[in-house]
Structure formats: structure tokens, C-alpha cells
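Next comes final23.txt, with compact mmCIF, C-alpha atoms.
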# COMPACT_ATOMS: atom_id res chain seq x y z
CA GLY A 20 -50.43 -106.99 15.71
CA ARG A 21 -50.07 -109.25 18.66
CA SER A 22 -53.14 -111.10 19.84
CA LEU A 23 -54.00 -111.43 23.52
CA ALA A 24 -56.85 -113.86 22.92
CA CYS A 25 -55.10 -116.95 24.27
CA SER A 26 -53.82 -115.17 27.36
CA ARG A 27 -57.24 -113.65 27.96
CA ARG A 28 -58.80 -117.08 28.25
CA HIS A 29 -56.40 -117.80 31.11
CA THR A 30 -56.90 -114.47 32.85
CA SER A 31 -60.66 -114.22 32.62
CA MET A 32 -61.21 -116.43 35.66
CA ARG A 33 -58.98 -114.18 37.72
CA ARG A 34 -60.91 -111.03 36.91
CA SER A 35 -63.04 -109.34 39.49
CA PRO A 36 -65.95 -106.97 38.82
CA VAL A 37 -64.17 -104.50 41.14
CA LEU A 38 -61.50 -104.00 38.48
CA LEU A 39 -63.40 -101.22 36.81
CA SER A 40 -66.82 -100.92 38.40
CA ALA A 41 -65.58 -98.94 41.40
CA VAL A 42 -63.03 -96.92 39.46
CA LEU A 43 -64.23 -96.20 35.94
CA ILE A 44 -67.22 -94.11 36.86
CA GLY A 45 -68.90 -91.07 35.33
CA PRO A 46 -69.86 -90.96 31.63
CA ALA A 47 -69.36 -94.72 31.27
CA ALA A 48 -72.41 -95.30 33.42
CA MET A 49 -74.60 -93.51 30.89
CA LEU A 50 -73.40 -95.41 27.84
CA VAL A 51 -75.96 -98.19 27.86
CA THR A 52 -78.09 -97.48 24.79
CA PRO A 53 -77.82 -100.12 22.03
CA VAL A 54 -75.50 -99.04 19.25
CA PRO A 55 -77.26 -97.96 16.04
CA ALA A 56 -76.24 -100.20 13.16
CA GLU A 57 -75.28 -97.20 11.03
CA ALA A 58 -73.10 -95.56 13.69
CA ALA A 59 -69.74 -94.47 12.30
CA ILE A 60 -66.72 -95.83 14.11
CA PRO A 61 -64.47 -92.97 15.23
CA ASP A 62 -60.73 -93.49 14.70
CA VAL A 63 -59.32 -93.20 18.22
CA VAL A 64 -55.73 -93.89 17.14
CA ARG A 65 -55.86 -91.14 14.50
CA ALA A 66 -57.42 -88.68 16.99
CA VAL A 67 -54.60 -89.29 19.48
CA GLN A 68 -51.96 -89.06 16.75
CA GLN A 69 -53.34 -85.67 15.73
CA GLN A 70 -52.84 -84.36 19.27
CA LEU A 71 -49.26 -85.64 19.26
CA VAL A 72 -48.49 -84.00 15.90
CA LYS A 73 -50.03 -80.70 17.05
CA GLY A 74 -47.98 -80.76 20.25
CA ALA A 75 -51.17 -80.27 22.24
CA SER A 76 -51.36 -80.00 25.99
CA MET A 77 -53.94 -81.79 28.13
CA LYS A 78 -55.19 -80.55 31.46
CA PHE A 79 -56.34 -83.52 33.51
CA THR A 80 -57.53 -84.85 36.81
CA GLN A 81 -57.06 -88.34 38.18
CA TYR A 82 -58.90 -90.22 40.88
CA GLY A 83 -57.86 -93.62 42.17
CA THR A 84 -58.80 -96.00 44.93
CA VAL A 85 -56.85 -98.84 46.56
CA THR A 86 -58.00 -101.33 49.19
CA PHE A 87 -55.66 -103.57 51.19
CA ASN A 88 -57.48 -106.47 52.81
CA GLY A 89 -54.30 -107.56 54.61
CA ARG A 90 -54.36 -104.35 56.66
CA ASN A 91 -58.04 -104.42 57.55
CA ARG A 92 -59.12 -104.50 61.20
CA SER A 93 -62.23 -105.53 63.08
CA ALA A 94 -63.31 -103.75 66.23
CA ASP A 95 -66.60 -103.91 68.13
CA ASN A 96 -67.91 -106.22 65.41
CA MET A 97 -67.39 -103.42 62.89
CA ALA A 98 -65.01 -104.12 60.01
CA ARG A 99 -62.55 -101.32 59.26
CA VAL A 100 -61.25 -101.42 55.71
CA PHE A 101 -57.80 -100.04 54.86
CA ARG A 102 -58.53 -97.91 51.82
CA PHE A 103 -56.93 -94.80 50.34
CA ASN A 104 -57.30 -92.64 47.23
CA PRO A 105 -54.40 -91.31 45.12
CA ILE A 106 -55.51 -88.04 43.52
CA GLN A 107 -53.77 -85.97 40.84
CA ASP A 108 -54.35 -82.87 38.80
CA GLY A 109 -52.02 -81.28 36.31
CA ARG A 110 -51.03 -80.95 32.68
CA LEU A 111 -49.36 -83.12 30.07
CA GLN A 112 -47.41 -81.59 27.19
CA LEU A 113 -47.43 -83.86 24.14
CA GLY A 114 -44.92 -84.20 21.33
CA ARG A 115 -44.61 -86.37 18.23
CA ASN A 116 -43.20 -89.26 20.27
CA GLY A 117 -45.64 -89.12 23.17
CA VAL A 118 -45.60 -87.27 26.49
CA ALA A 119 -42.88 -84.60 26.34
CA ALA A 120 -43.37 -82.99 29.75
CA VAL A 121 -45.60 -83.25 32.78
CA GLY A 122 -46.38 -81.13 35.79
CA LEU A 123 -48.85 -82.37 38.38
CA THR A 124 -49.86 -82.25 42.00
CA ARG A 125 -50.47 -85.58 43.73
CA ARG A 126 -51.78 -86.43 47.16
CA VAL A 127 -53.20 -89.44 48.98
CA ASN A 128 -56.60 -89.08 50.60
CA PHE A 129 -58.04 -91.10 53.49
CA ASP A 130 -61.67 -90.62 54.43
CA ARG A 131 -62.54 -89.98 58.06
CA GLU A 132 -63.18 -93.67 58.70
CA ASN A 133 -59.87 -94.84 57.25
CA LEU A 134 -57.55 -92.10 58.53
CA PRO A 135 -57.58 -93.36 62.16
CA LEU A 136 -56.81 -96.89 60.93
CA ALA A 137 -53.85 -95.63 58.88
CA LYS A 138 -52.55 -93.71 61.90
CA GLU A 139 -52.96 -96.82 64.05
CA HIS A 140 -50.89 -98.89 61.63
CA ALA A 141 -48.25 -96.16 61.41
CA ALA A 142 -47.96 -96.02 65.21
CA GLU A 143 -47.29 -99.76 65.16
CA GLY A 144 -44.36 -99.23 62.78
CA ASP A 145 -46.02 -99.99 59.43
CA LEU A 146 -43.75 -98.15 56.96
CA VAL A 147 -46.33 -98.28 54.15
CA ALA A 148 -48.89 -96.51 56.35
CA LYS A 149 -46.28 -93.93 57.39
CA SER A 150 -45.42 -93.26 53.74
CA LEU A 151 -49.06 -92.89 52.77
CA LEU A 152 -49.77 -90.51 55.65
CA THR A 153 -46.83 -88.35 54.58
CA GLN A 154 -48.27 -88.28 51.07
CA THR A 155 -51.56 -86.82 52.30
CA ARG A 156 -49.75 -83.51 51.97
CA PRO A 157 -49.62 -82.36 48.33
CA HIS A 158 -46.52 -83.38 46.37
CA ARG A 159 -45.61 -81.57 43.16
CA TRP A 160 -44.14 -83.75 40.41
CA VAL A 161 -42.37 -82.28 37.38
CA ASN A 162 -40.56 -83.92 34.48
CA THR A 163 -39.53 -81.59 31.66
CA ASN A 164 -36.07 -82.70 30.63
CA GLY A 165 -35.83 -86.40 31.38
CA TRP A 166 -35.38 -85.85 35.13
CA PHE A 167 -38.04 -86.54 37.74
CA TYR A 168 -38.38 -83.75 40.33
CA ASP A 169 -40.52 -83.95 43.46
CA THR A 170 -41.37 -81.35 46.06
CA GLY A 171 -43.19 -82.81 49.06
CA ARG A 172 -42.34 -83.88 52.58
CA LEU A 173 -41.72 -87.55 51.74
CA TRP A 174 -38.78 -86.61 49.52
CA THR A 175 -37.61 -83.22 50.78
CA ALA A 176 -37.53 -83.74 54.57
CA GLY A 177 -33.83 -84.67 54.47
CA LEU A 178 -32.65 -81.92 52.12
CA PRO A 179 -30.29 -79.15 53.25
CA GLU A 180 -31.79 -75.79 54.17
CA GLY A 181 -32.83 -73.82 51.12
CA LYS A 182 -33.37 -76.89 48.96
CA THR A 183 -37.06 -77.40 48.24
CA TRP A 184 -36.99 -79.85 45.31
CA ALA A 185 -35.70 -83.43 45.22
CA ARG A 186 -34.31 -84.78 41.96
CA ARG A 187 -35.43 -88.39 42.18
CA GLY A 188 -33.71 -89.70 39.10
CA LYS A 189 -33.64 -89.81 35.34
CA GLY A 190 -36.72 -91.01 33.48
CA THR A 191 -39.28 -90.18 30.85
CA PRO A 192 -42.16 -87.76 31.51
CA ALA A 193 -44.58 -90.59 30.64
CA ALA A 194 -43.25 -92.72 33.49
CA THR A 195 -43.79 -89.80 35.86
CA ALA A 196 -47.38 -89.34 34.69
CA PHE A 197 -48.53 -92.97 34.50
CA ARG A 198 -47.65 -94.44 37.89
CA ASP A 199 -51.09 -94.91 39.47
CA GLN A 200 -52.86 -95.45 36.13
CA VAL A 201 -50.50 -97.60 34.05
CA ILE A 202 -52.15 -97.52 30.59
CA ASN A 203 -50.39 -94.87 28.49
CA ILE A 204 -52.70 -94.12 25.55
CA PHE A 205 -50.08 -91.80 24.06
CA GLU A 206 -47.97 -94.81 23.11
CA ILE A 207 -49.48 -95.45 19.70
CA ARG A 208 -48.40 -99.10 19.48
CA THR A 209 -49.87 -99.78 22.93
CA LEU A 210 -53.11 -98.00 22.01
CA LYS A 211 -53.45 -99.92 18.73
CA THR A 212 -52.86 -103.28 20.43
CA LEU A 213 -55.38 -102.66 23.21
CA ILE A 214 -58.08 -101.53 20.78
CA ALA A 215 -57.46 -104.49 18.47
CA ASP A 216 -57.97 -106.90 21.38
CA ALA A 217 -60.77 -105.07 23.20
CA ASP A 218 -63.42 -107.26 24.81
CA GLU A 219 -66.12 -104.62 24.48
CA ARG A 220 -66.73 -101.89 21.89
CA LYS A 221 -69.51 -99.31 21.96
CA PHE A 222 -69.97 -96.50 19.42
CA GLY A 223 -72.39 -93.67 18.66
CA LEU A 224 -74.04 -93.65 22.06
CA PRO A 225 -76.14 -90.63 23.08
CA ASN A 226 -74.67 -88.55 25.90
CA PRO A 227 -77.30 -85.96 26.92
CA ALA A 228 -74.82 -84.33 29.30
CA GLY A 229 -72.43 -83.49 26.45
CA LYS A 230 -71.59 -79.78 26.37
CA THR A 231 -70.14 -79.82 22.85
CA PRO A 232 -71.38 -81.46 19.62
CA ALA A 233 -68.53 -84.02 19.79
CA MET A 234 -69.46 -84.97 23.36
CA ARG A 235 -73.11 -85.66 22.51
CA LYS A 236 -72.13 -88.95 20.87
CA THR A 237 -69.63 -91.11 22.71
CA GLY A 238 -68.26 -94.64 22.90
CA TRP A 239 -65.75 -96.81 24.60
CA TYR A 240 -63.33 -99.70 24.30
CA SER A 241 -62.59 -101.95 27.27
CA GLY A 242 -60.64 -105.12 27.90
CA SER A 243 -57.90 -106.68 29.99
CA ILE A 244 -54.21 -107.41 29.76
CA THR A 245 -51.88 -109.11 32.23
CA PHE A 246 -49.06 -107.27 33.95
CA GLY A 247 -46.64 -109.55 32.11
CA GLU A 248 -48.16 -108.73 28.72
CA LEU A 249 -48.22 -105.03 29.53
CA TYR A 250 -44.54 -105.18 30.47
CA LYS A 251 -43.71 -106.61 27.04
CA LEU A 252 -45.93 -104.13 25.21
CA SER A 253 -45.46 -100.78 26.94
CA PRO A 254 -42.11 -98.96 27.35
CA THR A 255 -43.74 -96.70 29.94
CA PHE A 256 -44.85 -99.63 32.09
CA ARG A 257 -41.41 -101.27 31.78
CA GLU A 258 -39.89 -98.09 33.15
CA VAL A 259 -42.42 -97.74 35.98
CA ALA A 260 -42.08 -101.41 36.97
CA GLY A 261 -38.29 -101.27 36.93
CA LYS A 262 -38.01 -105.01 36.48
CA ARG A 263 -40.02 -107.77 34.88
CA PRO A 264 -42.99 -108.70 37.11
CA ASP A 265 -42.36 -111.95 38.98
CA ALA A 266 -44.64 -114.97 38.86
CA SER A 267 -46.91 -113.65 41.63
CA ILE A 268 -47.81 -110.57 39.58
CA ALA A 269 -47.11 -111.33 35.91
CA ASN A 270 -50.37 -113.24 35.32
CA ARG A 271 -52.60 -110.83 37.22
CA ALA A 272 -55.12 -109.11 34.97
CA VAL A 273 -55.31 -105.35 34.50
CA GLY A 274 -58.72 -104.19 33.31
CA TRP A 275 -58.80 -101.03 31.19
CA ARG A 276 -61.31 -98.73 29.53
CA ILE A 277 -60.96 -95.83 27.08
CA ILE A 278 -63.98 -93.52 26.63
CA PHE A 279 -63.99 -91.17 23.62
CA ASP A 280 -66.09 -88.55 21.87
CA ALA A 281 -67.65 -88.52 18.39
CA ASN A 282 -64.29 -87.50 16.91
CA GLY A 283 -62.51 -90.43 18.55
CA LEU A 284 -60.66 -88.24 21.05
CA PRO A 285 -60.41 -89.91 24.48
CA PHE A 286 -61.75 -87.87 27.37
CA GLN A 287 -61.50 -90.54 30.08
CA PHE A 288 -59.31 -93.62 30.43
CA GLY A 289 -58.26 -95.82 33.28
CA SER A 290 -57.12 -99.18 34.57
CA GLY A 291 -57.76 -101.39 37.56
CA TRP A 292 -56.42 -104.57 39.12
CA SER A 293 -57.45 -107.12 41.70
CA VAL A 294 -55.64 -109.71 43.78
CA GLU A 295 -58.31 -112.23 44.69
CA ASP A 296 -57.32 -113.38 48.15
CA LYS A 297 -59.82 -112.58 50.89
CA ARG A 298 -57.17 -112.57 53.61
CA LYS A 299 -54.30 -110.70 51.96
CA GLY A 300 -55.81 -109.54 48.71
CA ALA A 301 -56.25 -106.06 47.35
CA ASP A 302 -57.81 -104.18 44.51
CA GLY A 303 -57.37 -100.76 43.03
CA GLY A 304 -57.02 -98.60 40.00
CA ALA A 305 -57.22 -95.05 38.71
CA VAL A 306 -59.01 -93.00 36.08
CA ILE A 307 -57.68 -89.97 34.20
CA LYS A 308 -60.18 -87.43 32.88
CA ALA A 309 -59.17 -84.89 30.25
CA VAL A 310 -60.50 -81.58 31.58
CA SER A 311 -59.46 -79.68 28.47
CA TRP A 312 -57.16 -79.79 25.45
CA GLY A 313 -55.05 -76.79 24.51
CA SER A 314 -52.07 -75.53 22.58
CA ALA A 315 -48.47 -76.11 23.61
CA THR A 316 -47.57 -74.94 27.10
CA THR A 317 -44.38 -74.53 29.09
CA ILE A 318 -43.93 -76.70 32.17
CA ALA A 319 -41.08 -75.13 34.10
CA ARG A 320 -38.45 -77.23 35.83
CA PRO A 321 -37.17 -76.20 39.27
CA LYS A 322 -34.32 -73.72 39.52
CA PRO A 323 -31.00 -75.57 40.01
CA ALA A 324 -30.33 -73.73 43.28
CA GLN A 325 -33.53 -75.23 44.74
CA VAL A 326 -32.70 -78.83 43.85
CA GLY A 327 -31.00 -81.55 45.87
CA VAL A 328 -30.35 -85.10 44.68
CA VAL A 329 -32.35 -87.70 46.62
CA ARG A 330 -32.04 -91.47 46.10
CA ALA A 331 -34.83 -92.54 48.48
CA PRO A 332 -37.44 -90.94 50.73
CA ALA A 333 -36.40 -89.47 54.06
CA GLY A 334 -36.52 -91.65 57.15
CA GLY A 335 -36.19 -94.93 55.30
CA LEU A 336 -39.81 -94.89 54.18
CA PRO A 337 -40.86 -96.61 50.96
CA ALA A 338 -41.76 -94.35 48.02
CA PHE A 339 -45.00 -96.28 47.53
CA ASP A 340 -46.31 -94.16 44.68
CA THR A 341 -46.86 -96.63 41.83
CA MET A 342 -49.40 -99.35 41.11
CA VAL A 343 -46.53 -101.85 41.07
CA ASP A 344 -45.58 -100.89 44.63
CA MET A 345 -49.17 -101.40 45.71
CA ASN A 346 -49.53 -104.76 44.00
CA GLU A 347 -46.29 -106.07 45.50
CA ALA A 348 -47.31 -104.89 48.96
CA ALA A 349 -50.66 -106.65 48.61
CA LEU A 350 -48.94 -109.95 47.80

Could you take the file, read its structure, and then write that structure out as C-alpha cells?
Amino acid sequence: GRSLACSRRHTSMRRSPVLLSAVLIGPAAMLVTPVPAEAAIPDVVRAVQQQLVKGASMKFTQYGTVTFNGRNRSADNMARVFRFNPIQDGRLQLGRNGVAAVGLTRRVNFDRENLPLAKEHAAEGDLVAKSLLTQTRPHRWVNTNGWFYDTGRLWTAGLPEGKTWARRGKGTPAATAFRDQVINIFEIRTLKTLIADADERKFGLPNPAGKTPAMRKTGWYSGSITFGELYKLSPTFREVAGKRPDASIANRAVGWRIIFDANGLPFQFGSGWSVEDKRKGADGGAVIKAVSWGSATTIARPKPAQVGVVRAPAGGLPAFDTMVDMNEAAL
């Protein structure tokens, strides 16, 4: 396996506590009890492999948050922070080689303090703000056959009458699913490498809120990896990024955490990043929570008569629906 130890020494000074503290919330906050010396170490890789072999499906939710300091405003001595939350819920269908299909609903949420600021920026011609406001309406994403389909105003506004789905392009279902949260735990090589180089490992921790025997003992792995290292390691991230991260992004650290039950099966995992520049910086990330695991399911693709081919969003707006987009915009 490849070691990230040397690179981690160079990235540690660029880390920010915001990487995971504001994003990886929930059960992680309870896992503070010292680990018993006799605690068995669950095999997370084997647990994930078993789900792939079974062809299991995973119902999930995702919550993310992104802050752009470069778009902040001050008025009446009150700072207004430009912050938004990408939210998803849907289902992944797994196969022996990873994610075989995905169907999800995604939207961007602004709280009542940030929505007026986003509208203000949009009125001034900020295309990013316009794109994000359009995405506050739910968008349905489907990838079942190596094609990425999207139904939502950002992509369908320019379609002919009767067409309600945009075919955005060819790509893997994994790259459709892991755009806000860029750590794909269903890539076994990626999962093995991250676990081998984890900065923190906790096992056998009591979880009084656990509703099943497996959830009453939990643990986690956490660590960091640079965008450049992740690009080399993960086929999914290479596809999402589209091109090798340039020098301004490649050495930025991505913090990650995988939380699992007594059987080693992950039930929450996420990633976060930070650009440490008080004037133009940003931070963000997202967490996926497995709501339930089930047997194989069918995720239907749109009917051909409903589909139109779309190369870019309507009105010249940016797509702005990946972590890479957000990081580049911040810099």
C-alpha cells in the first residue's frame, strides 16, 4: 500500500478544525469513551466487500455546508456570511465493482439570513449565486446505465416542450453520487489506503442511542489526504475533477471520517476541506448517512421520449454542483 505519511507532514499545517467539526456531526460526537484494550477490531473493508458481493442497496441522506468568505458582506456593522447547504437523499445500488446505479434528489438550501445575500449577489450578475439559487429547487439525478440524467430547472429550462430530463453526459454512477462528498468508500483500494493511513482510530465505543445490537458498539477512522493524492488514488474523484488539480488546489488537505458499527459496516462517512485565506478563503464538506441497507433494487432511467441532450446549464450558468467547482471558485 501507498503511504501518505510524508505528504501528511506537509499538509498538517494547512488543516483547519472546520474541516470536520462543522460537518461530521451526530454519532461521532458521542464516541469519546476510551477504547477497551480487549475491544475487537471490526473489518470495515470486509464489511463493505460483503455488501458489494450481495448487490445490496443503500438508502442514504447527505448534508453539506459551504462558506465563501470572498462573497461575504458587512452591513450596519453586522457581518453577513455567504453560506449554503447542499442536501441529498436517495439510493445507491451496489455491484461487485462498486456503485452500479444511483437515484437521488439534490437541492441547495440557504437559511433566511443567507438567502437575501445570495439574491443580492445574483442581482449584481454573480453567475455562481444565480446557479445556486436555481438549485434551491429540487433536482433529480439518475445514473443507471453509464449516463448522467438530470431533471431540474438549471438543466431543463432550455429543453424543447415535452422534454423533462437532460442527459448531461456519459459517466459512472459513482461520479454522479460522490460530487459533494468526494470520498467513495465503495472503491475497495481507496478504502484500504485511507484506513491504512488513518490519523485516528477508535473501536468498541459504547453508543447508548444504538437501536440494534451492532449499533451499540461503534468506532471510527479519520485522517486527511490532499486533493492531488486523492486524484491519483480514486477513479471516482478523477472523473469528478475532470482534470488533474492545479497547484492552487492539489496540496489542499481533505479531511475524512468513516464511522462504523460493531460489524464494521459504515453508517456515516464524510469529507471536508478548507482554504485558509481570511479574505477569499472558503471551507466546506458533506456527510453521507446510511439510513438503511436492503436487497437489490431497480433505479429506473428516464423514458427516451422525455430526454434531451444538454451540454451545459441553461442561460450560460455554471453547473456548480461538485466540491471541485466550489474549491476553484473559492480560489

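The coordinates place CA of Arg159 (chain A) at 15.7 Å from CA of Val328 (chain A).
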
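Compared by their closest atoms to Ala269 (chain A), and using only C-alpha atoms, the residues A:Val85, A:Ala228, A:Val343, A:Leu210 rank with A:Val343 nearest.
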
Practice task
Quote the spacing between CA of Gly144 (chain A) and CA of Thr124 (chain A) in Å to one decimal place.
Solution key: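 One can read the CA of Gly144 (chain A) to CA of Thr124 (chain A) distance as 27.4 Å.
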
Exercise for the section: Can you work out the spacing between CA of Arg276 (chain A) and CA of Ser243 (chain A) in Å, to one decimal? Expected result: 8.7 Å

Problem - Using all atoms listed in the file: which of A:Thr341, A:Ser311, A:Asn226, A:Thr163 has the shortest distance to Thr80 (chain A) - result: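 Closest residue, counting all atoms listed in the file: A:Ser311.
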
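Counting all atoms listed in the file and comparing A:Gly190, A:Pro61, A:Gly165, A:Gly171, the residue that lies closest to Arg257 (chain A) is A:Gly190.
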
Problem - Within-10 Å shell of (-41.2, -80.5, 44.4) in input frame, all atoms listed in the file, as an MDAnalysis selection string - result: chainID A and resid 123:124 157:161 167:172 174:175 182:186 320:321 325:326
